[in-house]
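Visitor: Next up is a structure, given as structure tokens.
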Amino acid sequence: MANIVILGAGVMASALAMVAADQSGNTVTLVGSPLDDDIIESINATRFHPTLKVDIPESIQAIKESALNNNTLLDATIVVIGVSSPGVPWAVLQLQQSKASPQCVALVTKGLAAAKDPLLPPVTYADALFESLNGLPLLGIGGPCIARELAFGLPTLVTFAATDLQLAKEIRNVFQTDYYRVAVHPDFVSLEACAALKNFYCIGVAAMLGRWKLEGQSAKNPVAGLFNQAVLEMNLVCRWICQASSQNTQHSEWNDIAFDLPGMGDLHVTVGGGRNSKLGTLLGQGTKLSDIVEGPMKGVTVEGLDTGRQLLAGFNAAVASGALNANSLPLTQCILNSIQHDQLFDFDFSKLPAQ
């Protein structure tokens, strides 16, 4: 059916490779980044993935970066960028050097980058990559997906988004299995924005979890209330980012994708565990951000924290100009105050606007 090359051999990239290999007719090549040599060696020696902790099917070819040649990418019908955000320049360089022209480039990597003009909203990685990839068709993959669960074949619902909806449907047919169920959506930029923002808002929801754990309770009411507020604010901020995007074609018909799998669904699993959730929990327990990043989470990359830092300048400018209503975004401001001013996280429910 398709010749799929996945750049990166981390847990999510490798789990997605297993899904692709489940479709008969697909050929799948997993290419390790410069940091993945140990993973590739383990797979080729024992078929065991040391961080995902599952056996990788024999049908998946695993190669190191040093074994990657231009023909591997030139022959690909689909290329998946599956590295973490620091590895994106490496993945882009491989595509540029090979002059590959696949049917599409699919993005598992999520994040925001500061706009060239600090008064403007940040841009998604999709915007940042578009020119570098010479206009190759892009497809975003978003939604609640824990890599290890996917690798074990647990039912997983995700969304593929592309401005060309027919392309999204065609790529869905390549990946969809009985357990990996794919919805399609035309608002590619919104999906990419939600995928980054959910890490940021996870910090706030997890902080509420940490606050009540500190007080010796397992309070669900405040956590549920703040989860709902996080989704509402994610939708507003997502819309603000998308309206400034050079790739957004959905201005006239806003789809509120934050209330679907790429936003609300993904936020749910992110709050359940991981680095963003751990940082938020520590904030909620009364620890300042500076003490967290120099203490229990020193040297740990937290995607939501990076997203918040990219939001700061544009968000503050938008509030000052009236482009964003500060009263509608109390959780956003609370998280950003912890990042910008090293304030203790102290969300005041009385500040919530009447719905």
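Each chain in the structure tokens gets a letter, A, B and so on, in the order shown; residues start at 1 in every chain, and ligands are counted from 1 in the order they appear.
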Can you tell me which residues surround Lys169 in chain A at a distance of at most 7 Å, considering only C-alpha atoms, apart from same-chain residues fewer than 4 positions away, and format the answer as a VMD selection string?
Guide: chain A and resid 165 173 184
Visitor: Do a neighbour search on range 14-20 of chain A at 8 Å with only C-alpha atoms, toss out local chain neighbours closer than 4 positions, and write the hits as a PDB file with C-alpha atoms, in the first residue's frame.
Guide:
```pdb
ATOM      1  CA  ILE A   4       6.608   4.654   4.998  1.00  0.00           C
ATOM      2  CA  ILE A   6       9.688   7.322  10.046  1.00  0.00           C
ATOM      3  CA  GLY A   8      13.142   9.072  14.823  1.00  0.00           C
ATOM      4  CA  ALA A   9      13.050   5.865  16.847  1.00  0.00           C
ATOM      5  CA  GLY A  10      11.642   7.117  20.151  1.00  0.00           C
ATOM      6  CA  ASN A  26       2.999  -1.395   3.869  1.00  0.00           C
ATOM      7  CA  VAL A  28       8.079   0.500   7.120  1.00  0.00           C
ATOM      8  CA  THR A  29      11.550   1.857   7.789  1.00  0.00           C
ATOM      9  CA  LEU A  30      12.406   3.258  11.208  1.00  0.00           C
ATOM     10  CA  LEU A  52       9.101   1.313  24.711  1.00  0.00           C
ATOM     11  CA  ILE A  56       9.383  -4.704  17.320  1.00  0.00           C
ATOM     12  CA  PRO A  57       8.025  -6.800  14.419  1.00  0.00           C
ATOM     13  CA  ILE A  60      10.004  -3.146  10.351  1.00  0.00           C
ATOM     14  CA  ALA A 147       2.816   5.255  22.980  1.00  0.00           C
ATOM     15  CA  ARG A 148       3.118   2.109  25.097  1.00  0.00           C
ATOM     16  CA  LEU A 150      -0.653   1.936  21.300  1.00  0.00           C
ATOM     17  CA  ALA A 151       2.226  -0.516  20.962  1.00  0.00           C
ATOM     18  CA  VAL A 174      -2.748   3.586   5.136  1.00  0.00           C
ATOM     19  CA  PHE A 175      -2.623   3.604   8.960  1.00  0.00           C
ATOM     20  CA  GLN A 176      -6.070   2.709  10.308  1.00  0.00           C
ATOM     21  CA  THR A 177      -6.476  -0.672  12.012  1.00  0.00           C
ATOM     22  CA  TYR A 180      -6.112   2.569  15.765  1.00  0.00           C
TER      23      TYR A 180
END
```
Visitor: With distances taken over only C-alpha atoms, which of A:Ser338, A:Thr270, A:Thr332, A:Asn199 is nearest to Ile292 in chain A?
Guide: A:Ser338
Visitor: Could you check how far CA of Ala183 in chain A sits from CA of Gly142 in chain A, in Å to one decimal?
Guide: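 Result for CA of Ala183 in chain A versus CA of Gly142 in chain A: 9.9 Å, one decimal.
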Visitor: From a DSSP pass on the backbone, collect the residues of range 114-217 of chain A flagged as strand (DSSP E or B) and hand them back as a PDB file with N, CA and C atoms, in the first residue's frame.
Guide:
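Listed below is the output, result.pdb:
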```
ATOM      1  N   VAL A 123       3.891  30.746  16.374  1.00  0.00           N
ATOM      2  CA  VAL A 123       3.480  29.912  15.252  1.00  0.00           C
ATOM      3  C   VAL A 123       3.677  28.447  15.624  1.00  0.00           C
ATOM      4  N   THR A 124       2.911  27.578  15.016  1.00  0.00           N
ATOM      5  CA  THR A 124       3.096  26.144  15.218  1.00  0.00           C
ATOM      6  C   THR A 124       4.331  25.684  14.467  1.00  0.00           C
ATOM      7  N   LEU A 138       1.579  18.744   4.198  1.00  0.00           N
ATOM      8  CA  LEU A 138       1.765  18.382   5.600  1.00  0.00           C
ATOM      9  C   LEU A 138       0.484  17.783   6.162  1.00  0.00           C
ATOM     10  N   LEU A 139       0.659  16.818   7.063  1.00  0.00           N
ATOM     11  CA  LEU A 139      -0.458  16.197   7.760  1.00  0.00           C
ATOM     12  C   LEU A 139      -0.131  16.145   9.242  1.00  0.00           C
ATOM     13  N   GLY A 140      -1.051  16.610  10.077  1.00  0.00           N
ATOM     14  CA  GLY A 140      -0.856  16.577  11.518  1.00  0.00           C
ATOM     15  C   GLY A 140      -1.539  15.381  12.138  1.00  0.00           C
ATOM     16  N   ILE A 141      -0.884  14.788  13.122  1.00  0.00           N
ATOM     17  CA  ILE A 141      -1.449  13.668  13.870  1.00  0.00           C
ATOM     18  C   ILE A 141      -1.624  14.121  15.310  1.00  0.00           C
ATOM     19  N   GLY A 142      -2.857  14.135  15.788  1.00  0.00           N
ATOM     20  CA  GLY A 142      -3.127  14.608  17.146  1.00  0.00           C
ATOM     21  C   GLY A 142      -4.182  13.765  17.828  1.00  0.00           C
ATOM     22  N   THR A 156      -7.259   3.124  20.394  1.00  0.00           N
ATOM     23  CA  THR A 156      -6.720   4.488  20.403  1.00  0.00           C
ATOM     24  C   THR A 156      -7.408   5.291  19.313  1.00  0.00           C
ATOM     25  N   LEU A 157      -7.982   6.442  19.694  1.00  0.00           N
ATOM     26  CA  LEU A 157      -8.685   7.313  18.755  1.00  0.00           C
ATOM     27  C   LEU A 157      -7.877   8.578  18.545  1.00  0.00           C
ATOM     28  N   VAL A 158      -7.533   8.879  17.295  1.00  0.00           N
ATOM     29  CA  VAL A 158      -6.733  10.047  16.978  1.00  0.00           C
ATOM     30  C   VAL A 158      -7.378  10.799  15.812  1.00  0.00           C
ATOM     31  N   THR A 159      -6.774  11.937  15.464  1.00  0.00           N
ATOM     32  CA  THR A 159      -7.242  12.736  14.333  1.00  0.00           C
ATOM     33  C   THR A 159      -6.072  13.024  13.401  1.00  0.00           C
ATOM     34  N   PHE A 160      -6.305  12.824  12.109  1.00  0.00           N
ATOM     35  CA  PHE A 160      -5.375  13.250  11.073  1.00  0.00           C
ATOM     36  C   PHE A 160      -5.953  14.512  10.448  1.00  0.00           C
ATOM     37  N   ALA A 161      -5.172  15.566  10.363  1.00  0.00           N
ATOM     38  CA  ALA A 161      -5.668  16.819   9.805  1.00  0.00           C
ATOM     39  C   ALA A 161      -4.758  17.298   8.682  1.00  0.00           C
ATOM     40  N   TYR A 180      -6.587   1.194  15.994  1.00  0.00           N
ATOM     41  CA  TYR A 180      -6.112   2.569  15.765  1.00  0.00           C
ATOM     42  C   TYR A 180      -7.115   3.236  14.837  1.00  0.00           C
ATOM     43  N   ARG A 181      -8.024   4.004  15.440  1.00  0.00           N
ATOM     44  CA  ARG A 181      -9.149   4.569  14.701  1.00  0.00           C
ATOM     45  C   ARG A 181      -8.885   6.056  14.454  1.00  0.00           C
ATOM     46  N   VAL A 182      -9.040   6.451  13.209  1.00  0.00           N
ATOM     47  CA  VAL A 182      -8.610   7.774  12.773  1.00  0.00           C
ATOM     48  C   VAL A 182      -9.782   8.599  12.256  1.00  0.00           C
ATOM     49  N   ALA A 183     -10.006   9.770  12.884  1.00  0.00           N
ATOM     50  CA  ALA A 183     -10.914  10.771  12.334  1.00  0.00           C
ATOM     51  C   ALA A 183     -10.096  11.707  11.458  1.00  0.00           C
ATOM     52  N   VAL A 184     -10.750  12.379  10.518  1.00  0.00           N
ATOM     53  CA  VAL A 184     -10.040  13.331   9.658  1.00  0.00           C
ATOM     54  C   VAL A 184     -10.643  14.717   9.840  1.00  0.00           C
ATOM     55  N   HIS A 185      -9.810  15.727   9.609  1.00  0.00           N
ATOM     56  CA  HIS A 185     -10.228  17.103   9.865  1.00  0.00           C
ATOM     57  C   HIS A 185      -9.489  18.030   8.909  1.00  0.00           C
TER      58      HIS A 185
END
```
Visitor: At what distance in Å, to one decimal, does CA of Gly304 in chain A lie from CA of Ala106 in chain A?
Guide: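 A separation of 21.6 Å between them.
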Visitor: Give me, as a list in words, all polymer residues having an atom no more than 8 Å from Arg47 in chain A, counting only C-alpha atoms and skipping those fewer than 2 positions away in the same chain.
Guide: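 After dropping sequence-adjacent residues, the list is Ser42, Ile43, Asn44, Ala45, His49, Asp55, Ile56, Pro57 and Glu58 of chain A.
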Visitor: Store the residues of this selection in a file with N, CA and C atoms, as a PDB file, in the first residue's frame.
Guide:
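Now in selection.pdb:
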```
ATOM      1  N   SER A  42      19.637  -2.286  19.624  1.00  0.00           N
ATOM      2  CA  SER A  42      18.848  -3.242  20.392  1.00  0.00           C
ATOM      3  C   SER A  42      17.790  -3.908  19.506  1.00  0.00           C
ATOM      4  N   ILE A  43      17.120  -3.112  18.694  1.00  0.00           N
ATOM      5  CA  ILE A  43      16.090  -3.678  17.812  1.00  0.00           C
ATOM      6  C   ILE A  43      16.707  -4.685  16.855  1.00  0.00           C
ATOM      7  N   ASN A  44      17.821  -4.334  16.238  1.00  0.00           N
ATOM      8  CA  ASN A  44      18.427  -5.230  15.263  1.00  0.00           C
ATOM      9  C   ASN A  44      19.035  -6.472  15.900  1.00  0.00           C
ATOM     10  N   ALA A  45      19.458  -6.363  17.153  1.00  0.00           N
ATOM     11  CA  ALA A  45      20.068  -7.523  17.822  1.00  0.00           C
ATOM     12  C   ALA A  45      19.019  -8.453  18.419  1.00  0.00           C
ATOM     13  N   HIS A  49      12.654  -3.100  21.890  1.00  0.00           N
ATOM     14  CA  HIS A  49      12.823  -1.647  22.004  1.00  0.00           C
ATOM     15  C   HIS A  49      13.063  -1.333  23.484  1.00  0.00           C
ATOM     16  N   ASP A  55       8.531  -5.830  21.861  1.00  0.00           N
ATOM     17  CA  ASP A  55       9.229  -6.403  20.714  1.00  0.00           C
ATOM     18  C   ASP A  55       8.752  -5.717  19.435  1.00  0.00           C
ATOM     19  N   ILE A  56       9.680  -5.365  18.584  1.00  0.00           N
ATOM     20  CA  ILE A  56       9.383  -4.704  17.320  1.00  0.00           C
ATOM     21  C   ILE A  56       9.274  -5.775  16.228  1.00  0.00           C
ATOM     22  N   PRO A  57       8.204  -5.771  15.449  1.00  0.00           N
ATOM     23  CA  PRO A  57       8.025  -6.800  14.419  1.00  0.00           C
ATOM     24  C   PRO A  57       9.194  -6.876  13.441  1.00  0.00           C
ATOM     25  N   GLU A  58       9.463  -8.082  12.967  1.00  0.00           N
ATOM     26  CA  GLU A  58      10.543  -8.294  12.005  1.00  0.00           C
ATOM     27  C   GLU A  58      10.316  -7.517  10.715  1.00  0.00           C
TER      28      GLU A  58
END
```
Visitor: Any idea what the distance is between CA of Gln97 in chain A and CA of Gly82 in chain A?
Guide: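 Interatomic distance, CA of Gln97 in chain A to CA of Gly82 in chain A: 18.0 Å.
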Visitor: Using backbone DSSP assignments, extract all helix (DSSP H, G or I) residues from range 96-267 of chain A; output them as number ranges by chain.
Guide: A: 96-98, 125-130, 147-151, 165-175, 188-214, 221-243, 257-259, 261-267
Visitor: I'd like the contact shell of Gly284 in chain A - 7 Å cut-off, only C-alpha atoms, skipping same-chain residues fewer than 3 positions apart - returned as a count of residues only.
Guide: 7
